[in-house]
Structures are given as structure tokens and as C-alpha cells.
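Working notes, structure below.
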Amino acid sequence: MERKQNKTAIAVSSHKLKIKKVTALETKDLHVYYGNHLALKNISMPIYKNQVTAFIGPSGCGKSTYLRSLNRMNDEIEGCRVEGKIIYKDFDINQSNVNVFEIRKNIGMVFQRPNPFAKSIFDNVAFGPKQHGEKNKKVLQEIVEKSLRKAALWDEVKDRLNKSALALSGGQQQRLCIARAIAMEPDVLLLDEPASALDPISTSKIEELIIDLKKDYTVVIVTHNMQQAARISDQTAFFYMGDLVEYNETKQIFTNPQEKQTEDYVTGNFG
Ligand SMILES: Nc1ncnc2c1ncn2[C@@H]1O[C@H](COP(=O)(O)OP(=O)(O)OP(=O)(O)O)[C@@H](O)[C@H]1O
């Protein structure tokens, strides 16, 4: 039954134009276990190319676990088992013979706390390409400049590229981490609460950056902040206790959710 139009306090911004949806990445019947604990149950959903997709839901519902599945980062967690398919470029990347380093080059990740290396700003961004064999100094310089520009950090750091990344502010460090991910020329960027440790001004810079990044990348973001999901995402997935309860265009999720649990969550009547 169609639920009645629901007015929420959350404003959905208008930068989201209707564009044809092309699937960049998709999971089919995904289950994730930590030991015997089933943390994600049968998640099937597409992630659309050049869109921002937000994962929302209460603490412990499985948002980060799902995000980490998308580039095989759960492989690094002892006792974690991922069953089901993760389809990327028509190929199931959840198979044991897949080169996970290659996968993570294409599907990059940025974590909640800025984690730059104790190296110069330049070396942080050049690190990945160097690891993948790029030795030419001029090419590395070009990659560093391009990545820092795309991460909206170039103007702030261009005169101190050889200074330590650790001397940057938290917000700058997070944009540096985004530049570091971009330097690998990924298709998809996975962002796990990228602004939760930042002040409001740095947060709004990261939000502007994310909206800008979707021109070139598919962006997936975990956020606790529903206003943030409403402001920057095109699609929103609501998770609850390991289930994907509802997945739809952000505007629908926040103004006309189809499931009562979603409505309760986005209107703050949850729990
Ligand atoms: N490394 C781990 N070992 C064991 N269980 C884990 C591990 N990481 C997560 N879990 C469990 O899996 C479930 C989902 O956790 P997850 O961190 O994905 O949720 P979340 O929605 O991202 O939560 P939060 O918003 O608090 O970060 C929870 O029950 C959690 O306790």
C-alpha cells in the first residue's frame, strides 16, 4: 500500500538532476558473518555510476560492514566471512582468485579518521602510483597536482608540498586522503563517515567536494548524519539490524518512505 506523502524536517537539496542510472557495482545475496554472527542478511542492491549513494541506519546495523565488502576490505578482518556475489564490470569480485590490490585500486576507500602517512604531502599522494610501479618524476608530479586539485586542496598546499602531511588541519588531512585515493584513478570511492571527525566548516568543504567528485567517480558514503545524506546523496539505503530495509532515491527516502521503519528513522521517532 502506498504510504501517504510525509513531510520531514530534512531538506533535500536540488543539485540532483535526473540522469539515466547505470550500475557501477552490485551485490547479489550478500551475507556477511563475524564468526557465527550474521551481520548482513541477503543484501542485493546496485550502486549507480556517477551518483552519490548514502548508507544510513542506527549504530551496528551493518553500514560499514557493507561498505567494506564492496572492495574486499573485510578480508583484513579475522573471522569475517562474506558470502554472495559482488559484481564489478560483469565479474564477481568476491572470489578467492581475485587480486584484491587491483580491486582496491579501482574501488578506493577513505576512512572516518584522516590517516595520512607520516610523509610529505607530495609523497602521500604519490605513494599509491609509486607502489604500482610509476617511477617517472614528471608523471608523478602531474598525478599529485591533478589529484590535489580534484580534492580541492591544491591551492592550500601547492607551496608546501614537501612539508609533512601531519601539519595539515584535520579537514585538510581528510581531503589529502581523498587525493591519495584519487591518485590511483579509481572508478568508485568508498567513504566511511569521512566528515564525522571534522568541524562544520571542514565538513561543508568535504560535502561540496563529494558533490563535485561524482562527475568523475561513483561515490558511496556511510553517514550518521541524515541531513548530510539528504544534502549530498542521490540514492539512500536504510539499513537496520543487518537488513536492507529500503533503498531508493534520496528524495523518496526522506519525503515519502515506503517502509514504516524508514519513516520512523528519518523523522527521528526511532527506538
Ligand atoms: N571486527 C568485528 N568483529 C566482530 N563483529 C563486528 C566487527 N565489526 C562489526 N561487527 C558487528 O557487525 C555488526 C555491524 O557492524 P558495523 O560496524 O558494520 O555497523 P555500522 O552500522 O557501521 O555501525 P556504526 O554506525 O556504529 O559504525 C554489529 O553487530 C557489530 O558489532
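Residue numbering restarts at 1 for every chain of the C-alpha cells, chains are lettered A, B, ... in their displayed order, and ligands are numbered from 1 as they appear.
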message = Residues of stretch 61-239 of chain A classed as strand (DSSP E or B) by DSSP on the backbone are to be reported as a PyMOL selection string.
response = chain A and resi 80-88+91-92+107-110+120+164+188-192+218-222+235-239
Writing out the chosen residues with C-alpha atoms as an mmCIF file, in the first residue's frame:
```
data_model
loop_
_atom_site.group_PDB
_atom_site.id
_atom_site.type_symbol
_atom_site.label_atom_id
_atom_site.label_comp_id
_atom_site.auth_asym_id
_atom_site.auth_seq_id
_atom_site.Cartn_x
_atom_site.Cartn_y
_atom_site.Cartn_z
ATOM 1 C CA CYS A 80 34.854 -12.205 8.860
ATOM 2 C CA ARG A 81 33.255 -14.213 6.057
ATOM 3 C CA VAL A 82 31.488 -12.744 3.041
ATOM 4 C CA GLU A 83 29.127 -14.936 1.002
ATOM 5 C CA GLY A 84 27.322 -13.964 -2.170
ATOM 6 C CA LYS A 85 28.248 -12.032 -5.261
ATOM 7 C CA ILE A 86 29.829 -8.607 -5.699
ATOM 8 C CA ILE A 87 29.606 -7.802 -9.370
ATOM 9 C CA TYR A 88 32.021 -5.232 -10.762
ATOM 10 C CA PHE A 91 32.779 -10.038 -12.871
ATOM 11 C CA ASP A 92 32.205 -11.483 -9.403
ATOM 12 C CA ILE A 107 37.420 0.832 -5.720
ATOM 13 C CA GLY A 108 39.234 3.141 -3.322
ATOM 14 C CA MET A 109 38.408 3.820 0.296
ATOM 15 C CA VAL A 110 38.685 6.737 2.725
ATOM 16 C CA SER A 120 55.316 14.828 2.910
ATOM 17 C CA SER A 164 54.749 16.937 6.485
ATOM 18 C CA VAL A 188 34.438 4.072 -7.191
ATOM 19 C CA LEU A 189 35.215 5.923 -3.951
ATOM 20 C CA LEU A 190 34.002 4.427 -0.685
ATOM 21 C CA LEU A 191 33.852 6.973 2.144
ATOM 22 C CA ASP A 192 33.231 5.762 5.698
ATOM 23 C CA THR A 218 30.868 6.805 -8.263
ATOM 24 C CA VAL A 219 30.721 7.777 -4.603
ATOM 25 C CA VAL A 220 29.396 5.678 -1.721
ATOM 26 C CA ILE A 221 29.238 7.221 1.726
ATOM 27 C CA VAL A 222 28.360 5.923 5.180
ATOM 28 C CA GLN A 235 20.348 7.422 -3.584
ATOM 29 C CA THR A 236 19.907 6.388 0.035
ATOM 30 C CA ALA A 237 19.910 2.925 1.555
ATOM 31 C CA PHE A 238 18.458 2.463 5.038
ATOM 32 C CA PHE A 239 19.878 -0.491 6.979
#
```
For the interface of chain A with ligand 1 (cut-off 9 Å, counting only C-alpha atoms and all ligand atoms), please tabulate each contacting residue of chain A alongside its nearest pair of atoms and their separation in Å to one decimal, rows sorted by chain and increasing number, as JSON lines.
```
{"residue": "A:Val32", "atom": "CA", "partner": "ligand 1", "partner_atom_place_in_ligand_line": "12 (O)", "distance": 8.6}
{"residue": "A:Tyr33", "atom": "CA", "partner": "ligand 1", "partner_atom_place_in_ligand_line": "12 (O)", "distance": 7.9}
{"residue": "A:Tyr34", "atom": "CA", "partner": "ligand 1", "partner_atom_place_in_ligand_line": "4 (C)", "distance": 5.0}
{"residue": "A:Gly35", "atom": "CA", "partner": "ligand 1", "partner_atom_place_in_ligand_line": "4 (C)", "distance": 7.3}
{"residue": "A:His37", "atom": "CA", "partner": "ligand 1", "partner_atom_place_in_ligand_line": "5 (N)", "distance": 7.3}
{"residue": "A:Leu38", "atom": "CA", "partner": "ligand 1", "partner_atom_place_in_ligand_line": "12 (O)", "distance": 7.7}
{"residue": "A:Ala39", "atom": "CA", "partner": "ligand 1", "partner_atom_place_in_ligand_line": "12 (O)", "distance": 4.7}
{"residue": "A:Leu40", "atom": "CA", "partner": "ligand 1", "partner_atom_place_in_ligand_line": "14 (C)", "distance": 7.4}
{"residue": "A:Phe55", "atom": "CA", "partner": "ligand 1", "partner_atom_place_in_ligand_line": "21 (O)", "distance": 8.6}
{"residue": "A:Ile56", "atom": "CA", "partner": "ligand 1", "partner_atom_place_in_ligand_line": "21 (O)", "distance": 7.7}
{"residue": "A:Gly57", "atom": "CA", "partner": "ligand 1", "partner_atom_place_in_ligand_line": "21 (O)", "distance": 6.2}
{"residue": "A:Pro58", "atom": "CA", "partner": "ligand 1", "partner_atom_place_in_ligand_line": "25 (O)", "distance": 6.0}
{"residue": "A:Ser59", "atom": "CA", "partner": "ligand 1", "partner_atom_place_in_ligand_line": "26 (O)", "distance": 3.5}
{"residue": "A:Gly60", "atom": "CA", "partner": "ligand 1", "partner_atom_place_in_ligand_line": "19 (O)", "distance": 3.4}
{"residue": "A:Cys61", "atom": "CA", "partner": "ligand 1", "partner_atom_place_in_ligand_line": "21 (O)", "distance": 3.9}
{"residue": "A:Gly62", "atom": "CA", "partner": "ligand 1", "partner_atom_place_in_ligand_line": "18 (O)", "distance": 3.3}
{"residue": "A:Lys63", "atom": "CA", "partner": "ligand 1", "partner_atom_place_in_ligand_line": "21 (O)", "distance": 3.9}
{"residue": "A:Ser64", "atom": "CA", "partner": "ligand 1", "partner_atom_place_in_ligand_line": "22 (O)", "distance": 3.6}
{"residue": "A:Thr65", "atom": "CA", "partner": "ligand 1", "partner_atom_place_in_ligand_line": "18 (O)", "distance": 3.6}
{"residue": "A:Tyr66", "atom": "CA", "partner": "ligand 1", "partner_atom_place_in_ligand_line": "18 (O)", "distance": 6.4}
{"residue": "A:Leu67", "atom": "CA", "partner": "ligand 1", "partner_atom_place_in_ligand_line": "18 (O)", "distance": 8.0}
{"residue": "A:Arg68", "atom": "CA", "partner": "ligand 1", "partner_atom_place_in_ligand_line": "18 (O)", "distance": 8.4}
{"residue": "A:Asn74", "atom": "CA", "partner": "ligand 1", "partner_atom_place_in_ligand_line": "1 (N)", "distance": 8.5}
{"residue": "A:Ile77", "atom": "CA", "partner": "ligand 1", "partner_atom_place_in_ligand_line": "1 (N)", "distance": 5.9}
{"residue": "A:Glu78", "atom": "CA", "partner": "ligand 1", "partner_atom_place_in_ligand_line": "1 (N)", "distance": 7.3}
{"residue": "A:Gly79", "atom": "CA", "partner": "ligand 1", "partner_atom_place_in_ligand_line": "3 (N)", "distance": 7.3}
{"residue": "A:Cys80", "atom": "CA", "partner": "ligand 1", "partner_atom_place_in_ligand_line": "3 (N)", "distance": 7.1}
{"residue": "A:Asp192", "atom": "CA", "partner": "ligand 1", "partner_atom_place_in_ligand_line": "22 (O)", "distance": 8.4}
{"residue": "A:Glu193", "atom": "CA", "partner": "ligand 1", "partner_atom_place_in_ligand_line": "27 (O)", "distance": 8.4}
{"residue": "A:Val222", "atom": "CA", "partner": "ligand 1", "partner_atom_place_in_ligand_line": "22 (O)", "distance": 7.5}
{"residue": "A:Thr223", "atom": "CA", "partner": "ligand 1", "partner_atom_place_in_ligand_line": "25 (O)", "distance": 7.6}
{"residue": "A:His224", "atom": "CA", "partner": "ligand 1", "partner_atom_place_in_ligand_line": "25 (O)", "distance": 6.5}
{"residue": "A:Phe239", "atom": "CA", "partner": "ligand 1", "partner_atom_place_in_ligand_line": "21 (O)", "distance": 7.5}
{"residue": "A:Tyr240", "atom": "CA", "partner": "ligand 1", "partner_atom_place_in_ligand_line": "21 (O)", "distance": 8.0}
{"residue": "A:Met241", "atom": "CA", "partner": "ligand 1", "partner_atom_place_in_ligand_line": "29 (O)", "distance": 7.6}
{"residue": "A:Gly242", "atom": "CA", "partner": "ligand 1", "partner_atom_place_in_ligand_line": "14 (C)", "distance": 6.9}
```
inquiry  = Report, in Å with one decimal, the straight-line distance from atom CA of A:Pro200 to atom CA of A:Thr262.
reply    = 26.4 Å
inquiry  = Which of stretch 22-130 of chain A end up as alpha helix (DSSP H) when DSSP is run on this backbone - answer as a list of chain:residue names?
reply    = A:Lys63, A:Ser64, A:Thr65, A:Tyr66, A:Leu67, A:Arg68, A:Ser69, A:Val100, A:Phe101, A:Glu102, A:Ile103, A:Arg104, A:Lys105, A:Asn106, A:Ile121, A:Phe122, A:Asp123, A:Asn124, A:Val125, A:Ala126, A:Phe127, A:Gly128, A:Pro129, A:Lys130
Now that the selection is made, can you save its residues with C-alpha atoms as a compact mmCIF listing (two decimals), in the first residue's frame?
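Dumped to part.txt:
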```txt
# COMPACT_ATOMS: atom_id res chain seq x y z
CA LYS A 63 26.63 0.09 7.12
CA SER A 64 30.41 -0.06 7.46
CA THR A 65 30.46 -3.83 7.06
CA TYR A 66 28.60 -3.47 3.78
CA LEU A 67 30.85 -0.63 2.60
CA ARG A 68 33.97 -2.68 3.37
CA SER A 69 32.56 -5.65 1.46
CA VAL A 100 42.37 -7.58 -4.11
CA PHE A 101 45.06 -4.92 -4.62
CA GLU A 102 43.83 -4.42 -8.16
CA ILE A 103 40.23 -4.27 -6.87
CA ARG A 104 41.16 -1.64 -4.28
CA LYS A 105 42.93 0.40 -6.95
CA ASN A 106 39.60 0.60 -8.80
CA ILE A 121 52.08 15.96 1.27
CA PHE A 122 53.62 15.07 -2.11
CA ASP A 123 54.69 11.59 -1.01
CA ASN A 124 51.27 10.81 0.45
CA VAL A 125 49.61 11.36 -2.91
CA ALA A 126 52.42 9.81 -4.97
CA PHE A 127 52.57 6.74 -2.71
CA GLY A 128 49.98 4.56 -4.47
CA PRO A 129 51.16 5.23 -8.04
CA LYS A 130 54.78 4.58 -6.93
```
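Across A:Pro257, A:Lys119, A:Asn42, A:Gln95, the tightest approach to A:Asp243 is made by A:Asn42 when counting only C-alpha atoms.
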Would you pick out the contacts of A:Ser169 at 10 Å or less, using only C-alpha atoms, so that residues sharing its chain but fewer than 3 positions from it are not included, and give the list as a PDB file with N, CA and C atoms, in the first residue's frame?
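What landed in out28.pdb:
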```pdb
ATOM      1  N   PRO A 114      41.000  10.907   9.491  1.00  0.00           N
ATOM      2  CA  PRO A 114      42.060  11.142   8.494  1.00  0.00           C
ATOM      3  C   PRO A 114      43.317  10.370   8.894  1.00  0.00           C
ATOM      4  N   ALA A 165      52.591  15.989   5.958  1.00  0.00           N
ATOM      5  CA  ALA A 165      51.118  15.951   5.878  1.00  0.00           C
ATOM      6  C   ALA A 165      50.497  16.073   7.264  1.00  0.00           C
ATOM      7  N   LEU A 166      51.265  15.697   8.280  1.00  0.00           N
ATOM      8  CA  LEU A 166      50.715  15.712   9.639  1.00  0.00           C
ATOM      9  C   LEU A 166      50.545  17.134  10.169  1.00  0.00           C
ATOM     10  N   GLN A 172      41.917  19.324   6.148  1.00  0.00           N
ATOM     11  CA  GLN A 172      42.868  19.235   5.033  1.00  0.00           C
ATOM     12  C   GLN A 172      43.420  17.808   4.923  1.00  0.00           C
ATOM     13  N   GLN A 173      43.680  17.199   6.077  1.00  0.00           N
ATOM     14  CA  GLN A 173      44.193  15.815   6.051  1.00  0.00           C
ATOM     15  C   GLN A 173      43.182  14.885   5.397  1.00  0.00           C
ATOM     16  N   GLN A 174      41.886  15.117   5.668  1.00  0.00           N
ATOM     17  CA  GLN A 174      40.880  14.237   5.074  1.00  0.00           C
ATOM     18  C   GLN A 174      40.814  14.451   3.562  1.00  0.00           C
ATOM     19  N   ARG A 175      40.925  15.719   3.123  1.00  0.00           N
ATOM     20  CA  ARG A 175      40.950  15.953   1.671  1.00  0.00           C
ATOM     21  C   ARG A 175      42.218  15.356   1.056  1.00  0.00           C
ATOM     22  N   LEU A 198      35.240  16.003  11.828  1.00  0.00           N
ATOM     23  CA  LEU A 198      35.621  17.357  11.393  1.00  0.00           C
ATOM     24  C   LEU A 198      34.670  18.438  11.905  1.00  0.00           C
ATOM     25  N   SER A 202      34.957  22.462   7.814  1.00  0.00           N
ATOM     26  CA  SER A 202      35.633  21.385   7.076  1.00  0.00           C
ATOM     27  C   SER A 202      34.612  20.390   6.529  1.00  0.00           C
TER      28      SER A 202
END
```
request  = May I ask which of the residues A:Met73, A:Met184, A:Ala229, A:Ala152 is the closest one to A:Glu208, counting only C-alpha atoms?
outcome  = A:Ala152
remark   = Judged by only C-alpha atoms, the minimum distance to A:Ser44 among A:Asp155, A:Glu142, A:Glu263, A:Glu246 is found for A:Glu246
All residues 9 Å or closer to A:Met45, only C-alpha atoms, same chain fewer than 2 positions away omitted, as a CSV table (one decimal) with C-alpha atoms, in the first residue's frame:
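The result, written out as result36.csv:
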```csv
chain,number,residue,atom,x,y,z
A,25,LEU,CA,28.8,-2.1,-8.8
A,26,GLU,CA,26.2,-4.6,-7.5
A,27,THR,CA,25.8,-7.1,-4.7
A,28,LYS,CA,23.7,-10.2,-5.0
A,29,ASP,CA,22.5,-12.2,-2.0
A,43,ILE,CA,21.8,-7.8,0.6
A,47,ILE,CA,25.3,1.1,-6.8
A,244,LEU,CA,18.5,-3.5,3.9
A,247,TYR,CA,16.8,1.7,-1.0
```
request  = Could you check how far atom CA of A:Ala179 sits from atom CA of A:Asn225, in Å to one decimal?
outcome  = 23.2 Å
